[in-house]
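Each remark here refers to the structure printed beneath this line.
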Amino acid sequence: MLLAAVDWHSYFFMLFAMLACAFAMGVLLTSNIVRMAFYLVLSLGATAGLYFLAGAEFVGAMQLMIYVGGTLVLLIFGVMLTAQSRFVSMKIRPDEWILVASLGGALLLLLLYVAFSVPEWRMEHPHPAEISVAETKLAAPIGLALSGVRLDDGIGYLFPFLIVSVHLLVVLIGAGYLARTKRRATSEN
Amino acid sequence: MVDFFVSTFGMSPTVAAILAAGIQCALLLNVVAVGALVFIWMERKIAGRIQDRLGPTRVGGRFGWLQTLADGIKLIAKEDLTPADADALLFKLAPYISFAASFTAYMALPFSDGWVAVHVNAGVFFILAVLGLEVFGTILAGYASGSKWSLFGAIREAAQVVSYEVPLGLCVVVPVMICGTMDLVAIANMQSAGIWSWLIFHDPFTFCIFWIYFTCAMASVNRAPFDLAEAESELVAGFHTEYSGLRWSFFFMAEYGSMFLVSGLAVILFFGGWNGPLAIMSDKIIGVIPGLGLAGQPNAWGFIAGCVGAANFIMKATIGVTVMIWVRWTLPRLRIDQVMTMCLKYCVPLAAACFLGAVFVKAEIFGLGYLSVDAWLPGLRSDRLEVREGWMTEVEGEGVTLSTEKTLVHGDG
């Protein structure tokens with residue numbers, strides 16, 4: 001059977017990965033700020049597709065809600081900024097191109113080096129049909145790990161989770177405070 | 001379904017998988033498209049009756065029931081315009097994004113016990129996440145139209161949807177907490193013992209939180225009295241001012257699709273999903289007769305029970321949509337500041353208070369456990385635990401292995 005011979009999992013992986021990369025390039029190459037944000041949304045959405053493909057449904061939904069949803073705010077700011085004409089089309093000078101390209105290239109090389117130096121990732125991978133993804137589908141282990149209980153004898157994430165929560169609370173209160181004082185100052189003027 | 005094709009017709013697994021996927025896609029597309037067709041007709045009839053007129057009466061014989069189809073043909077025949085100032089690419093993409101977001105969420109919405117296109121373990125979360133993406137279409141439409149009316153509408157919608165996601169999330173957490181799972185199929189199966197097992201009657205706090213959920217859901221799908229993105233008395237037609245023909249109708253398919261979706265989510269979370277007010281089809285009543293299998297079993301009886309469940313579910317969700325239509329033609333539109341006040345000063349604190357109350361009831365703190373229906377009907381809690389434990393844990397050796405083997409106990413009609 002011809003259809004059975006195709007490795008569908010790899011095919012979809014390539015599809016989503018190429019979509020993510022293509023739209024990431026789109027973010028770089030367009031000069032319109034709203035289109036940049038839109039391509040970023042598509043790129044992050046394709047990444048969420050990769051998570052779903054890997055069977056990590058909770059992480060995929062998380063990716064959609066936090067990253068793609070967070071980009072929404074970026075998009076709104078893009079829309080608001082383009083009300084001013086100097087932001088409609090962002091031009092990049094050649095020296096900026098060189099700086100950013102060297103920085104990005106260095107980061108890419110570092111990531112590639114790290115990725116290829118992980119011994120587990122260099123082994124012959126088993127056929128996708130033989131991999132069971134059942135255990136990654138549940139959100140319960142993530143929730144338990146965040147409340148300090150790891151099912152696989154590891155250390156839970158309760159402490160970092162707590163630190164991050166308090167940190168976010170401080171940021172929220174700070175943002176609220178800044179917004180309020182600014183308004184009061186303008187009303188006194 | 002794949003197993004069914006393989007075992008019954010002896011197909012190869014790949015063909016069976018593709019066929020099953022095709023059937024599910026076609027069914028879901030039909031639910032969204034035909035649903036929109038029916039709901040638009042229903043909206044016009046109900047609006048007519050509320051305003052003391054008849055609504056459509058001629059097309060399709062009686063009651064004008066083919067009016068929407070005629071409108072659809074008219075929309076296809078209309079000229080497809082793109083304004084000169086528009087960002088053409090985004091302008092053309094925006095309606096599809098709205099529709100795709102609404103349609104994708106249907107993939108994880110179960111219509112009956114096990115009748116779900118993709119059984120996502122974190123189904124509630126997935127639907128909320130995808131539904132939140134629908135606003136992208138609106139904002140891009142507003143921006144790309146190159147019109148001030150559209151931009152105003154889009155910015156209003158953005159502010160509204162981002163704000164209302166907070167109380168909506170808080171409301172959805174309560175049934176998830178009571179059931180201990182985010183799996184929509186499991187949540188609905190935990191409410192299969194009749195009307196008193198529905199989560200809206202679980203305790204006073206869940207009763208309150210359903211109304212908050214419904215309000216926030218109406219705001220998040222941009223329905224009147226929260227339809228500020230359209231606001232035809234102020235903004236011509238808001239974000240879709242510049243759209244014509246079929247592109248315009250895609251926004252409406254998305255809107256009606258989302259309406260049915262949030263109603264369906266409410267039905268699963270609060271109104272027992274596909275389980276009727278009396279547990280006629282459950283194993284406790286009909287299953288007692290030998291030979292009559294339970295719902296969810298791979299035989300004809302299971303299929304009939306599934307059909308009854310799906311009819312039940314669609315009927316309940318349609319009642320939710322009808323209430324939304326009724327509200328739209330009854331209440332005047334709010335101002336944007338009133339919408340924000342409603343969300344941040346009323347919905348969020350109320351939802352938070354109800355959430356806290358529900359936690360106290362669930363944990364039986366301060367003697368609040370007696371407010372729960374579980375305290376008076378002890379069988380309900382054990383039923384829920386049975387459903388939950390059926391798929392949740394299997395203790396194996398020293399560690400706990402989590403398994404997706406779902407031995408759901410029963411579904412009924």
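Every chain in the structure tokens has a letter given in the order shown (A, B, ...), and although residue numbers restart at 1 in each chain, ligands are simply numbered from 1 in the order shown.
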
Show me, as a PDB file with C-alpha atoms, in the first residue's frame, the residues of chain B whose atoms get within 6 Å of chain A, using only C-alpha atoms for the distance check.
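Result file out.pdb:
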```
ATOM      1  CA  THR B  14      -4.240   3.840   6.603  1.00  0.00           C
ATOM      2  CA  ALA B 122      -6.837  19.101  28.411  1.00  0.00           C
ATOM      3  CA  PHE B 126      -7.547  23.735  24.458  1.00  0.00           C
ATOM      4  CA  ALA B 129      -6.928  28.785  24.094  1.00  0.00           C
TER       5      ALA B 129
END
```

If you run DSSP on the backbone here, which positions in stretch 5-135 of chain A get alpha helix (DSSP H)? Please write them as number ranges by chain.
A: 5, 8-29, 33-53, 57-62, 69-81, 94-117

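In terms of minimum interatomic distance to B:Ala193, B:Leu380 ranks closest within B:Leu380, B:Val308, B:Cys216, B:Leu170, counting only C-alpha atoms.
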
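Proximity to A:Leu42 was assessed for B:Ala17, B:Met324, B:Leu133, B:Val267 counting only C-alpha atoms; the smallest distance is recorded for B:Leu133.
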
In Å to one decimal, how far is atom CA of B:Leu128 from atom CA of B:Met182?
11.5 Å

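Residues in contact with B:Leu69 at up to 10 Å, not including ones fewer than 3 positions away on its chain and judged by only C-alpha atoms, are Val34, Leu37, Val38, Trp41, Val59, Gly60, Trp65, Leu66, Gly72, Ile73, Lys74 and Leu75 of chain B.
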